[in-house]
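work-v2.txt, holding compact mmCIF, C-alpha atoms and all ligand atoms:
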# COMPACT_ATOMS: atom_id res chain seq x y z
CA MET A 1397 3.26 -56.37 123.49
CA LYS A 1398 0.53 -54.58 121.56
CA ALA A 1399 0.40 -50.81 122.05
CA THR A 1400 -1.35 -47.90 120.41
CA ILE A 1401 0.44 -44.57 120.40
CA THR A 1402 -1.27 -41.30 119.50
CA VAL A 1403 1.15 -39.06 117.62
CA LEU A 1404 0.44 -35.32 117.65
CA PRO A 1405 3.11 -33.74 115.42
CA GLY A 1406 1.78 -30.18 115.86
CA ASP A 1407 3.64 -27.38 114.12
CA GLY A 1408 7.08 -26.50 112.75
CA ILE A 1409 9.83 -28.95 113.67
CA GLY A 1410 7.29 -30.91 115.74
CA VAL A 1411 6.39 -32.67 112.51
CA GLU A 1412 10.01 -33.56 111.72
CA VAL A 1413 11.01 -34.84 115.14
CA THR A 1414 7.90 -36.95 115.77
CA ASN A 1415 8.37 -38.51 112.35
CA GLN A 1416 11.88 -39.60 113.34
CA ALA A 1417 10.66 -40.90 116.70
CA MET A 1418 8.10 -43.07 114.90
CA HIS A 1419 10.91 -44.59 112.80
CA VAL A 1420 12.86 -45.42 115.94
CA LEU A 1421 9.84 -46.83 117.80
CA SER A 1422 8.93 -48.95 114.76
CA ARG A 1423 12.46 -50.31 114.75
CA ILE A 1424 12.25 -51.16 118.46
CA SER A 1425 8.87 -52.76 117.90
CA THR A 1426 10.32 -55.09 115.25
CA GLN A 1427 13.56 -55.74 117.12
CA TYR A 1428 11.83 -56.72 120.38
CA GLY A 1429 8.79 -58.45 118.86
CA HIS A 1430 6.17 -55.85 119.80
CA ASP A 1431 3.23 -54.52 117.83
CA PHE A 1432 3.04 -50.71 117.97
CA THR A 1433 0.26 -48.89 116.08
CA PHE A 1434 0.53 -45.14 115.51
CA HIS A 1435 -2.49 -42.87 115.12
CA GLU A 1436 -1.75 -39.31 114.04
CA ALA A 1437 -4.05 -36.44 115.04
CA LEU A 1438 -4.18 -32.65 115.09
CA ILE A 1439 -3.11 -30.19 117.77
CA GLY A 1440 -1.88 -26.59 117.81
CA GLY A 1441 -1.75 -24.14 114.92
CA ILE A 1442 -2.42 -26.72 112.24
CA ALA A 1443 -5.52 -27.80 114.16
CA ILE A 1444 -6.70 -24.16 114.33
CA ASP A 1445 -6.26 -23.83 110.57
CA LYS A 1446 -8.11 -27.05 109.80
CA THR A 1447 -10.80 -27.13 112.49
CA GLY A 1448 -10.92 -23.72 114.18
CA THR A 1449 -9.79 -25.13 117.54
CA SER A 1450 -6.35 -26.00 118.90
CA LEU A 1451 -7.51 -29.35 120.32
CA PRO A 1452 -10.30 -30.94 118.26
CA ASP A 1453 -12.63 -33.43 119.97
CA GLU A 1454 -11.49 -36.03 117.44
CA THR A 1455 -7.93 -35.75 118.76
CA LEU A 1456 -9.12 -36.37 122.31
CA ALA A 1457 -11.20 -39.33 121.14
CA ILE A 1458 -8.18 -40.87 119.40
CA ALA A 1459 -5.93 -40.23 122.41
CA GLU A 1460 -8.46 -41.78 124.79
CA GLN A 1461 -8.23 -45.03 122.84
CA SER A 1462 -4.43 -45.18 123.09
CA ASP A 1463 -1.76 -46.14 125.62
CA ALA A 1464 0.26 -42.93 125.34
CA ILE A 1465 0.68 -39.69 123.41
CA LEU A 1466 3.84 -38.57 121.65
CA LEU A 1467 3.71 -34.85 120.91
CA GLY A 1468 6.00 -32.62 118.81
CA ALA A 1469 5.47 -28.92 119.49
CA VAL A 1470 2.84 -26.29 118.85
CA GLY A 1471 2.86 -22.68 117.78
CA GLY A 1472 4.53 -20.38 115.31
CA PRO A 1473 4.44 -16.81 113.98
CA LYS A 1474 1.16 -17.40 112.13
CA TRP A 1475 -0.69 -17.97 115.41
CA SER A 1476 1.36 -15.78 117.75
CA ASP A 1477 -1.15 -12.97 118.46
CA PRO A 1478 -1.56 -13.20 122.26
CA THR A 1479 -4.98 -11.57 122.08
CA ALA A 1480 -6.39 -14.08 119.56
CA PRO A 1481 -9.34 -15.99 121.03
CA VAL A 1482 -7.91 -19.34 119.87
CA ARG A 1483 -4.20 -19.99 120.46
CA PRO A 1484 -2.04 -23.10 119.91
CA GLU A 1485 -0.84 -23.43 123.52
CA GLN A 1486 -4.45 -23.62 124.75
CA GLY A 1487 -4.50 -27.09 123.19
CA LEU A 1488 -1.49 -28.12 125.30
CA LEU A 1489 -2.98 -26.88 128.58
CA LYS A 1490 -6.31 -28.49 127.72
CA ILE A 1491 -4.89 -31.93 126.90
CA ARG A 1492 -2.82 -32.00 130.12
CA LYS A 1493 -5.89 -31.08 132.15
CA HIS A 1494 -8.18 -33.48 130.25
CA PHE A 1495 -6.03 -36.49 131.14
CA GLU A 1496 -5.17 -35.12 134.64
CA LEU A 1497 -1.47 -35.27 133.80
CA PHE A 1498 -0.41 -33.54 136.98
CA ALA A 1499 3.29 -34.38 137.06
CA ASN A 1500 5.80 -33.25 134.47
CA LEU A 1501 9.10 -35.13 134.57
CA ARG A 1502 12.06 -33.42 132.93
CA PRO A 1503 15.45 -35.09 133.17
CA VAL A 1504 18.38 -32.76 132.49
CA ARG A 1505 21.85 -34.16 131.97
CA ALA A 1506 24.99 -32.33 130.97
CA TYR A 1507 26.98 -34.00 128.21
CA PRO A 1508 30.72 -33.33 128.54
CA ALA A 1509 31.10 -33.44 124.74
CA LEU A 1510 28.68 -30.52 124.45
CA SER A 1511 30.15 -28.31 127.17
CA GLN A 1512 31.29 -25.71 124.66
CA HIS A 1513 27.61 -25.09 123.89
CA THR A 1514 26.84 -23.99 127.41
CA PRO A 1515 27.84 -20.66 128.96
CA LEU A 1516 29.06 -22.48 132.12
CA ARG A 1517 32.60 -23.64 132.85
CA SER A 1518 32.99 -27.32 132.01
CA GLU A 1519 34.00 -28.31 135.58
CA LEU A 1520 30.57 -27.10 136.81
CA LEU A 1521 28.88 -29.50 134.40
CA GLU A 1522 30.58 -32.66 135.62
CA ASN A 1523 28.06 -35.22 136.96
CA VAL A 1524 25.03 -33.01 136.33
CA ASP A 1525 22.05 -35.36 136.30
CA ILE A 1526 18.82 -33.77 137.58
CA LEU A 1527 15.24 -34.94 137.40
CA PHE A 1528 12.79 -32.05 137.65
CA VAL A 1529 9.26 -32.89 138.74
CA ARG A 1530 6.94 -29.99 137.96
CA GLU A 1531 3.32 -29.77 139.12
CA LEU A 1532 1.38 -29.34 135.89
CA THR A 1533 -2.32 -28.78 136.43
CA GLY A 1534 -2.56 -26.34 139.34
CA GLY A 1535 -1.17 -23.03 140.55
CA ALA A 1536 -1.40 -19.68 138.81
CA TYR A 1537 -1.74 -21.18 135.32
CA PHE A 1538 -5.10 -22.67 136.24
CA GLY A 1539 -6.26 -20.57 139.19
CA PRO A 1540 -9.05 -17.98 139.15
CA ARG A 1541 -8.14 -14.95 137.05
CA GLN A 1542 -9.54 -11.79 135.66
CA GLU A 1543 -8.63 -11.50 132.02
CA GLN A 1544 -10.98 -8.85 130.71
CA GLY A 1545 -12.08 -6.33 133.25
CA ASP A 1546 -11.92 -2.58 132.95
CA GLY A 1547 -8.46 -2.97 131.41
CA ASP A 1548 -6.76 -1.21 134.34
CA SER A 1549 -6.16 -4.25 136.50
CA ALA A 1550 -5.79 -8.01 136.16
CA TYR A 1551 -5.05 -10.89 138.48
CA ASP A 1552 -4.02 -14.53 138.55
CA THR A 1553 -4.36 -16.76 141.59
CA MET A 1554 -1.83 -19.30 142.78
CA LEU A 1555 -4.16 -21.83 144.32
CA TYR A 1556 -3.15 -25.26 145.66
CA SER A 1557 -4.90 -27.88 147.76
CA VAL A 1558 -3.19 -30.43 150.00
CA PRO A 1559 -4.19 -33.42 147.76
CA GLU A 1560 -2.82 -31.62 144.67
CA VAL A 1561 0.55 -31.06 146.33
CA ALA A 1562 0.66 -34.49 147.96
CA ARG A 1563 0.10 -36.47 144.75
CA VAL A 1564 2.93 -34.76 142.88
CA ALA A 1565 5.17 -34.99 145.96
CA HIS A 1566 4.63 -38.76 146.01
CA VAL A 1567 5.76 -38.92 142.35
CA ALA A 1568 8.91 -36.97 143.23
CA PHE A 1569 9.75 -39.02 146.35
CA ARG A 1570 9.26 -42.30 144.46
CA ALA A 1571 11.51 -41.03 141.66
CA ALA A 1572 14.16 -40.06 144.23
CA GLN A 1573 14.01 -43.56 145.73
CA GLY A 1574 15.05 -44.93 142.34
CA ARG A 1575 17.90 -42.43 142.05
CA ARG A 1576 20.30 -40.82 144.55
CA LYS A 1577 17.61 -40.46 147.25
CA GLN A 1578 17.76 -36.70 147.52
CA LEU A 1579 14.79 -34.40 146.97
CA THR A 1580 14.87 -30.61 146.81
CA SER A 1581 11.46 -28.95 147.06
CA VAL A 1582 11.28 -25.45 145.59
CA ASP A 1583 8.84 -22.86 146.93
CA LYS A 1584 8.44 -19.26 148.06
CA ALA A 1585 7.19 -20.05 151.54
CA ASN A 1586 8.60 -16.82 152.98
CA VAL A 1587 6.09 -14.76 150.97
CA LEU A 1588 3.22 -16.82 149.53
CA ALA A 1589 0.51 -18.57 151.56
CA SER A 1590 0.03 -21.22 148.86
CA MET A 1591 3.74 -21.99 149.09
CA ARG A 1592 3.58 -22.39 152.87
CA LEU A 1593 0.90 -25.03 152.26
CA TRP A 1594 3.22 -26.55 149.63
CA ARG A 1595 6.14 -26.78 152.06
CA ARG A 1596 4.03 -28.19 154.89
CA THR A 1597 2.47 -30.83 152.62
CA VAL A 1598 5.78 -31.93 151.09
CA SER A 1599 7.19 -32.30 154.63
CA GLU A 1600 4.19 -34.42 155.64
CA VAL A 1601 4.55 -36.68 152.58
CA HIS A 1602 8.24 -37.04 153.46
CA GLU A 1603 7.21 -39.07 156.53
CA ASP A 1604 6.42 -41.98 154.13
CA TYR A 1605 9.90 -41.83 152.59
CA GLY A 1606 12.44 -42.10 155.37
CA ASP A 1607 15.16 -43.22 152.95
CA VAL A 1608 15.02 -39.94 150.96
CA ALA A 1609 16.75 -36.76 152.20
CA LEU A 1610 14.55 -33.67 151.76
CA ASP A 1611 15.55 -30.04 151.65
CA HIS A 1612 13.48 -26.92 150.91
CA VAL A 1613 14.92 -24.13 148.77
CA LEU A 1614 13.36 -20.78 147.90
CA VAL A 1615 12.84 -20.40 144.17
CA ASP A 1616 15.02 -17.30 143.85
CA ALA A 1617 17.95 -19.05 145.54
CA CYS A 1618 17.29 -22.16 143.46
CA THR A 1619 17.80 -20.28 140.19
CA MET A 1620 21.23 -19.26 141.49
CA TYR A 1621 22.24 -22.71 142.78
CA LEU A 1622 21.27 -24.28 139.43
CA MET A 1623 24.00 -22.21 137.82
CA THR A 1624 26.59 -22.30 140.63
CA ARG A 1625 26.33 -25.94 141.80
CA PRO A 1626 24.07 -27.88 139.40
CA ALA A 1627 25.70 -31.23 140.19
CA SER A 1628 24.44 -31.03 143.80
CA PHE A 1629 20.81 -31.67 142.75
CA ASP A 1630 19.16 -35.06 142.31
CA VAL A 1631 15.35 -34.69 142.12
CA VAL A 1632 13.89 -31.16 142.16
CA LEU A 1633 10.16 -30.69 142.86
CA ALA A 1634 8.43 -27.42 141.98
CA GLU A 1635 4.96 -25.96 141.52
CA ASN A 1636 3.72 -25.22 138.02
CA MET A 1637 5.01 -21.71 137.25
CA PHE A 1638 8.28 -21.98 139.20
CA GLY A 1639 8.88 -25.36 137.52
CA ASP A 1640 8.23 -23.83 134.11
CA ILE A 1641 10.87 -21.18 134.73
CA ILE A 1642 13.60 -23.23 136.42
CA THR A 1643 13.40 -26.09 133.91
CA ASP A 1644 14.02 -23.67 131.06
CA GLU A 1645 16.91 -22.19 133.03
CA ALA A 1646 18.32 -25.68 133.61
CA SER A 1647 18.03 -26.52 129.92
CA VAL A 1648 21.21 -24.51 129.28
CA LEU A 1649 23.08 -27.18 131.25
CA ALA A 1650 22.39 -29.71 128.47
CA GLY A 1651 23.94 -27.60 125.72
CA SER A 1652 20.81 -27.29 123.55
CA LEU A 1653 17.06 -27.18 124.01
CA GLY A 1654 16.94 -29.91 121.37
CA MET A 1655 18.49 -32.43 123.79
CA LEU A 1656 15.75 -32.44 126.42
CA PRO A 1657 12.82 -34.84 126.82
CA SER A 1658 9.78 -34.68 129.07
CA ALA A 1659 6.98 -36.88 130.32
CA SER A 1660 3.65 -35.71 131.69
CA ILE A 1661 2.05 -38.39 133.79
CA GLY A 1662 -0.96 -38.84 136.04
CA ALA A 1663 -2.25 -41.50 138.39
CA GLU A 1664 -2.50 -44.14 135.65
CA LYS A 1665 0.13 -45.45 133.21
CA PHE A 1666 -1.15 -43.20 130.44
CA GLY A 1667 1.15 -40.27 129.70
CA LEU A 1668 2.06 -37.54 127.26
CA TYR A 1669 5.64 -37.39 126.04
CA GLU A 1670 7.17 -34.40 124.29
CA PRO A 1671 10.49 -32.67 123.79
CA VAL A 1672 10.98 -29.54 125.88
CA HIS A 1673 11.58 -27.28 122.90
CA GLY A 1674 9.02 -25.41 120.82
CA SER A 1675 8.24 -25.50 117.12
CA ALA A 1676 11.47 -23.62 116.20
CA PRO A 1677 10.05 -21.79 113.14
CA ASP A 1678 13.55 -20.41 112.40
CA ILE A 1679 14.79 -23.88 111.36
CA ALA A 1680 11.55 -25.68 110.44
CA GLY A 1681 11.62 -27.66 107.21
CA GLN A 1682 15.41 -27.46 106.85
CA GLY A 1683 16.41 -30.84 108.30
CA LYS A 1684 18.29 -29.00 111.08
CA ALA A 1685 16.16 -30.04 114.06
CA ASN A 1686 17.86 -32.11 116.72
CA PRO A 1687 15.57 -35.12 117.32
CA THR A 1688 17.31 -36.15 120.58
CA GLY A 1689 14.70 -34.58 122.92
CA THR A 1690 11.92 -36.42 121.11
CA LEU A 1691 13.81 -39.72 120.93
CA LEU A 1692 14.52 -39.54 124.68
CA SER A 1693 10.82 -38.67 125.22
CA ALA A 1694 9.97 -41.84 123.27
CA ALA A 1695 12.28 -43.74 125.66
CA MET A 1696 10.33 -42.30 128.61
CA LEU A 1697 7.10 -43.42 126.90
CA LEU A 1698 8.46 -46.96 126.66
CA ARG A 1699 9.45 -46.85 130.34
CA TYR A 1700 6.48 -45.16 132.05
CA SER A 1701 3.45 -45.96 129.87
CA LEU A 1702 4.42 -49.32 128.35
CA GLY A 1703 6.61 -50.67 131.15
CA LEU A 1704 9.36 -51.59 128.65
CA GLU A 1705 12.44 -50.73 130.71
CA ALA A 1706 14.96 -52.73 128.66
CA GLU A 1707 13.78 -51.11 125.43
CA ALA A 1708 13.85 -47.64 127.04
CA MET A 1709 17.41 -48.17 128.20
CA ALA A 1710 18.45 -49.53 124.81
CA LEU A 1711 17.13 -46.39 123.15
CA GLU A 1712 18.85 -44.08 125.66
CA GLN A 1713 22.11 -45.95 125.19
CA ALA A 1714 21.75 -45.76 121.39
CA VAL A 1715 21.33 -41.97 121.61
CA GLU A 1716 24.45 -41.77 123.80
CA ALA A 1717 26.36 -44.00 121.40
CA ALA A 1718 25.36 -41.79 118.46
CA LEU A 1719 26.60 -38.70 120.32
CA ALA A 1720 29.79 -40.48 121.42
CA SER A 1721 30.46 -41.44 117.79
CA GLY A 1722 30.48 -37.71 116.95
CA ALA A 1723 27.04 -37.50 115.33
CA ARG A 1724 25.96 -33.86 115.60
CA THR A 1725 22.97 -31.91 114.38
CA ALA A 1726 23.55 -28.21 113.64
CA ASP A 1727 22.64 -26.99 117.14
CA ILE A 1728 25.33 -29.13 118.83
CA ALA A 1729 28.00 -29.11 116.12
CA PRO A 1730 31.44 -27.81 117.11
CA ARG A 1731 31.97 -24.22 116.00
CA GLY A 1732 32.92 -24.26 112.33
CA GLY A 1733 32.48 -28.07 112.29
CA GLY A 1734 30.24 -30.22 110.13
CA PHE A 1735 26.80 -31.48 111.05
CA ILE A 1736 24.30 -34.02 109.85
CA SER A 1737 20.58 -33.76 109.21
CA THR A 1738 17.72 -34.73 111.52
CA GLU A 1739 17.19 -37.88 109.51
CA GLU A 1740 20.88 -38.84 109.38
CA PHE A 1741 21.15 -38.41 113.15
CA THR A 1742 18.15 -40.70 113.62
CA GLN A 1743 19.68 -43.29 111.30
CA THR A 1744 22.84 -43.21 113.44
CA VAL A 1745 20.72 -43.90 116.52
CA ILE A 1746 18.90 -46.72 114.74
CA GLY A 1747 22.27 -48.15 113.70
CA ALA A 1748 23.35 -48.13 117.35
CA LEU A 1749 20.21 -49.90 118.57
P1 LIG A 1801 11.80 -22.85 120.45
O1 LIG A 1801 12.11 -23.88 121.47
O2 LIG A 1801 10.92 -23.24 119.35
O3 LIG A 1801 13.21 -22.35 119.83
C1 LIG A 1801 14.19 -21.65 120.58
C2 LIG A 1801 15.53 -21.78 119.84
O4 LIG A 1801 16.03 -23.11 120.01
C3 LIG A 1801 15.45 -21.53 118.35
O5 LIG A 1801 16.61 -20.88 117.90
C4 LIG A 1801 15.38 -22.91 117.77
O6 LIG A 1801 15.89 -23.01 116.45
C5 LIG A 1801 16.21 -23.73 118.74
N1 LIG A 1801 15.72 -25.11 118.84
C6 LIG A 1801 14.60 -25.51 119.48
N2 LIG A 1801 14.44 -26.84 119.34
C7 LIG A 1801 15.48 -27.26 118.61
C8 LIG A 1801 15.86 -28.54 118.11
N3 LIG A 1801 15.14 -29.66 118.37
N4 LIG A 1801 16.98 -28.63 117.38
C9 LIG A 1801 17.71 -27.55 117.12
N5 LIG A 1801 17.42 -26.31 117.56
C10 LIG A 1801 16.30 -26.18 118.29
O7 LIG A 1801 11.22 -21.58 121.23
P2 LIG A 1801 10.65 -20.20 120.64
O8 LIG A 1801 11.43 -19.81 119.42
O9 LIG A 1801 10.56 -19.31 121.79
O10 LIG A 1801 9.16 -20.56 120.22
C11 LIG A 1801 8.76 -20.90 118.89
C12 LIG A 1801 7.31 -21.32 118.93
O11 LIG A 1801 7.18 -22.52 119.69
C13 LIG A 1801 6.40 -20.29 119.61
O12 LIG A 1801 5.19 -20.25 118.89
C14 LIG A 1801 6.18 -20.84 121.00
O13 LIG A 1801 4.96 -20.44 121.54
C15 LIG A 1801 6.19 -22.33 120.71
N6 LIG A 1801 6.57 -23.17 121.87
C16 LIG A 1801 5.91 -24.36 121.98
C17 LIG A 1801 6.26 -25.23 122.99
C18 LIG A 1801 5.55 -26.54 123.06
O14 LIG A 1801 4.91 -26.93 122.11
N7 LIG A 1801 5.68 -27.29 124.15
C19 LIG A 1801 7.28 -24.90 123.88
C20 LIG A 1801 7.96 -23.70 123.72
C21 LIG A 1801 7.60 -22.83 122.69

Could you quickly redo this structure as structure tokens?
Amino acid sequence: MKATITVLPGDGIGVEVTNQAMHVLSRISTQYGHDFTFHEALIGGIAIDKTGTSLPDETLAIAEQSDAILLGAVGGPKWSDPTAPVRPEQGLLKIRKHFELFANLRPVRAYPALSQHTPLRSELLENVDILFVRELTGGAYFGPRQEQGDGDSAYDTMLYSVPEVARVAHVAFRAAQGRRKQLTSVDKANVLASMRLWRRTVSEVHEDYGDVALDHVLVDACTMYLMTRPASFDVVLAENMFGDIITDEASVLAGSLGMLPSASIGAEKFGLYEPVHGSAPDIAGQGKANPTGTLLSAAMLLRYSLGLEAEAMALEQAVEAALASGARTADIAPRGGGFISTEEFTQTVIGAL
């Protein structure tokens, strides 16, 4: 198949990990007889430096002509002033909104070989395999707000409509149907009106999915259960801000932020794929970045935007094989043990393909 992929390396290690993902995707393209074209464009701090905006129109124009976006990470100390009028993360919020990418899928698995990198006892990590579905374009991050008033008060608004909740709930129920058929919806219905609407809507959508078991959990309890019984979750659905927080909490289950992929999808096949981690300025340019999160994001791109399930699975299995063979980047190396570079890790994955 012919496919065009927009690559937005962004800042810091984003550049290194997207570069490695392009190598792997090129290899898959050759191996399976596809024709993938990559178009690189600017986002984040580098875009601010070069164009004065974190998401230039040219980037959007390139992305609109493509089948999917692969993104590295944005941000860094140079652009970290929270009061600056132009900030790297504005580009991220804008691109998600522009393409109406309302559902963020974040799979989190615990790898037994990496259990020493998590603060949890290894028996708690057995069989942890969770798919988080986070609402991405609504709630307090996009609701009405007062940013500059008299300086003595400020507000954000958690605003949701029934269609906004229903469309992301459908994504979560469909995902559960393809997994262990269990959906946990996270809310704060005991306190927030918007979350009562959330709970009611998710329950209504449930009527279309009789084969999926649904339970509702308050977000505060959920943070506790994720640490005390993580293996009990299958698909977890949450609104934007709660999803932001609990997915970062759950990332400790995987042993390193560098292991985790994500997909942001909308109503069409088009999607944006990015590792969960940031630009990691502390290790940028040193060949220490773990490319796993980006490689697994590339696998999600193959699956959701290009419909190439066999290729996606082959890539996921190659990453597992590399880890099983003992390949370790610095972040997941045994204490006092050796590690290989970002590029060497990728070569091990390519060797396993
Ligand atoms: P971070 O995820 O960049 O790094 C946190 C820690 O994890 C660091 O010690 C880092 O070295 C390590 N780490 C992260 N990814 C790794 C990888 N692939 N391999 C090995 N180690 C890895 O978070 P931070 O330090 O809080 O933020 C740094 C910058 O990134 C900030 O400017 C922040 O705003 C930005 N950020 C961007 C995104 C994004 O683009 N989606 C997400 C989070 C943070």

Please indicate the distance in Å from CA of Glu1716 (chain A) to atom O1 of ligand LIG 1801 (chain A), rounded to one decimal place. 21.9 Å

Interface rows for chain A against ligand LIG 1801 (chain A): nearest pair, Å to one decimal, 7 Å, all atoms listed in the file, as a Markdown table:
| residue | atom | partner | partner_atom | distance |
| --- | --- | --- | --- | --- |
| A:Gly1468 | CA | A:LIG1801 | O14 | 6.7 |
| A:Ala1469 | CA | A:LIG1801 | O14 | 3.3 |
| A:Val1470 | CA | A:LIG1801 | O14 | 3.9 |
| A:Gly1471 | CA | A:LIG1801 | O12 | 3.5 |
| A:Gly1472 | CA | A:LIG1801 | O12 | 3.6 |
| A:Pro1473 | CA | A:LIG1801 | O12 | 6.0 |
| A:Ser1476 | CA | A:LIG1801 | O12 | 6.0 |
| A:Glu1485 | CA | A:LIG1801 | O13 | 6.8 |
| A:Ser1652 | CA | A:LIG1801 | N5 | 7.0 |
| A:Leu1653 | CA | A:LIG1801 | N2 | 5.4 |
| A:Gly1654 | CA | A:LIG1801 | N3 | 3.5 |
| A:Met1655 | CA | A:LIG1801 | N3 | 6.9 |
| A:Val1672 | CA | A:LIG1801 | N7 | 6.0 |
| A:His1673 | CA | A:LIG1801 | O1 | 3.7 |
| A:Gly1674 | CA | A:LIG1801 | O2 | 3.2 |
| A:Ser1675 | CA | A:LIG1801 | O11 | 4.1 |
| A:Ala1676 | CA | A:LIG1801 | O2 | 3.2 |
| A:Pro1677 | CA | A:LIG1801 | C11 | 6.0 |
| A:Asp1678 | CA | A:LIG1801 | O6 | 5.4 |
| A:Ile1679 | CA | A:LIG1801 | O6 | 5.3 |
| A:Lys1684 | CA | A:LIG1801 | C9 | 6.2 |
| A:Ala1685 | CA | A:LIG1801 | N4 | 3.7 |
| A:Asn1686 | CA | A:LIG1801 | N4 | 3.6 |
| A:Pro1687 | CA | A:LIG1801 | N3 | 5.6 |
| A:Gly1689 | CA | A:LIG1801 | N3 | 6.7 |
| A:Ala1726 | CA | A:LIG1801 | C9 | 6.8 |
| A:Asp1727 | CA | A:LIG1801 | C9 | 5.0 |

Coordinates of box centre and edge lengths for region 1718-1729 of chain A, 6 Å on every side, axis-aligned, as lines of an AutoDock Vina configuration file:
center_x = 26.6
center_y = -34.4
center_z = 117.5
size_x = 19.8
size_y = 26.8
size_z = 19.8

Please measure the separation of CA of Gly1429 (chain A) and CA of Gly1667 (chain A), giving the value in Å to one decimal.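 Those two atoms sit 22.5 Å apart.
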
Local residues around (-1.1, -41.2, 136.0), at most 12 Å away, using only C-alpha atoms, as number ranges by chain: A: 1463-1464, 1492-1501, 1563-1564, 1566-1567, 1659-1668, 1700-1701

Selected residues, C-alpha atoms, written as a PDB file, keeping the file's coordinate frame, please.
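Written file, out-v4.pdb:
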ATOM      1  CA  ASP A1463      -1.760 -46.140 125.620  1.00  0.00           C
ATOM      2  CA  ALA A1464       0.260 -42.930 125.340  1.00  0.00           C
ATOM      3  CA  ARG A1492      -2.820 -32.000 130.120  1.00  0.00           C
ATOM      4  CA  LYS A1493      -5.890 -31.080 132.150  1.00  0.00           C
ATOM      5  CA  HIS A1494      -8.180 -33.480 130.250  1.00  0.00           C
ATOM      6  CA  PHE A1495      -6.030 -36.490 131.140  1.00  0.00           C
ATOM      7  CA  GLU A1496      -5.170 -35.120 134.640  1.00  0.00           C
ATOM      8  CA  LEU A1497      -1.470 -35.270 133.800  1.00  0.00           C
ATOM      9  CA  PHE A1498      -0.410 -33.540 136.980  1.00  0.00           C
ATOM     10  CA  ALA A1499       3.290 -34.380 137.060  1.00  0.00           C
ATOM     11  CA  ASN A1500       5.800 -33.250 134.470  1.00  0.00           C
ATOM     12  CA  LEU A1501       9.100 -35.130 134.570  1.00  0.00           C
ATOM     13  CA  ARG A1563       0.100 -36.470 144.750  1.00  0.00           C
ATOM     14  CA  VAL A1564       2.930 -34.760 142.880  1.00  0.00           C
ATOM     15  CA  HIS A1566       4.630 -38.760 146.010  1.00  0.00           C
ATOM     16  CA  VAL A1567       5.760 -38.920 142.350  1.00  0.00           C
ATOM     17  CA  ALA A1659       6.980 -36.880 130.320  1.00  0.00           C
ATOM     18  CA  SER A1660       3.650 -35.710 131.690  1.00  0.00           C
ATOM     19  CA  ILE A1661       2.050 -38.390 133.790  1.00  0.00           C
ATOM     20  CA  GLY A1662      -0.960 -38.840 136.040  1.00  0.00           C
ATOM     21  CA  ALA A1663      -2.250 -41.500 138.390  1.00  0.00           C
ATOM     22  CA  GLU A1664      -2.500 -44.140 135.650  1.00  0.00           C
ATOM     23  CA  LYS A1665       0.130 -45.450 133.210  1.00  0.00           C
ATOM     24  CA  PHE A1666      -1.150 -43.200 130.440  1.00  0.00           C
ATOM     25  CA  GLY A1667       1.150 -40.270 129.700  1.00  0.00           C
ATOM     26  CA  LEU A1668       2.060 -37.540 127.260  1.00  0.00           C
ATOM     27  CA  TYR A1700       6.480 -45.160 132.050  1.00  0.00           C
ATOM     28  CA  SER A1701       3.450 -45.960 129.870  1.00  0.00           C
TER      29      SER A1701
END

Length of the CA of Phe1434 (chain A) to CA of Arg1530 (chain A) vector [Å]: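 It comes out at 27.8 Å.
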
Calculated over only C-alpha atoms, which of the candidates A:Met1554, A:Ile1491, A:Ile1526, A:Ile1442 has the smallest distance to Ser1590 (chain A)? A:Met1554

Just the residues within 8 Å of Gln1512 (chain A), please, counting all atoms listed in the file, with nothing from its chain fewer than 3 positions along; format it as a PyMOL selection string. chain A and resi 1509+1515+1518+1651+1730

Given all atoms listed in the file as the counted atoms, nearest of A:Arg1541, A:Arg1699, A:Arg1576, A:Arg1517 to Met1623 (chain A): A:Arg1517

Exercise: Thr1624 (chain A) partners within 12 Å, all atoms listed in the file, chain neighbours under 4 positions left out, as a short mmCIF file (atom, residue, chain, number, x, y, z; two decimals) with C-alpha atoms, in the coordinates of the input:
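Now in out.cif:
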data_model
loop_
_atom_site.label_atom_id
_atom_site.label_comp_id
_atom_site.auth_asym_id
_atom_site.auth_seq_id
_atom_site.Cartn_x
_atom_site.Cartn_y
_atom_site.Cartn_z
CA PRO A 1515 27.84 -20.66 128.96
CA LEU A 1516 29.06 -22.48 132.12
CA ARG A 1517 32.60 -23.64 132.85
CA SER A 1518 32.99 -27.32 132.01
CA GLU A 1519 34.00 -28.31 135.58
CA LEU A 1520 30.57 -27.10 136.81
CA LEU A 1521 28.88 -29.50 134.40
CA VAL A 1524 25.03 -33.01 136.33
CA ALA A 1617 17.95 -19.05 145.54
CA CYS A 1618 17.29 -22.16 143.46
CA THR A 1619 17.80 -20.28 140.19
CA MET A 1620 21.23 -19.26 141.49
CA SER A 1628 24.44 -31.03 143.80
CA PHE A 1629 20.81 -31.67 142.75
CA ALA A 1646 18.32 -25.68 133.61
CA LEU A 1649 23.08 -27.18 131.25
#

Find the residues around Leu1691 (chain A) up to 9 Å (all atoms listed in the file counted), leave out those fewer than 2 positions away in its own chain, and share them as a list in words. Val1413, Thr1414, Gln1416, Ala1417, Met1418, Val1420, Leu1421, Pro1657, Pro1671, Pro1687, Thr1688, Gly1689, Ser1693, Ala1694, Ala1695, Met1696, Leu1711, Glu1712, Val1715 and Thr1742 of chain A

Leaving out region 1578-1587 of chain A and any residue of its chain fewer than 4 positions from it, which residues lie within 10 Å of it when counting only C-alpha atoms, given as a PyMOL selection string? chain A and resi 1527-1530+1565+1568-1573+1591-1596+1598-1599+1602+1607-1619+1628-1635+1638-1639+1642
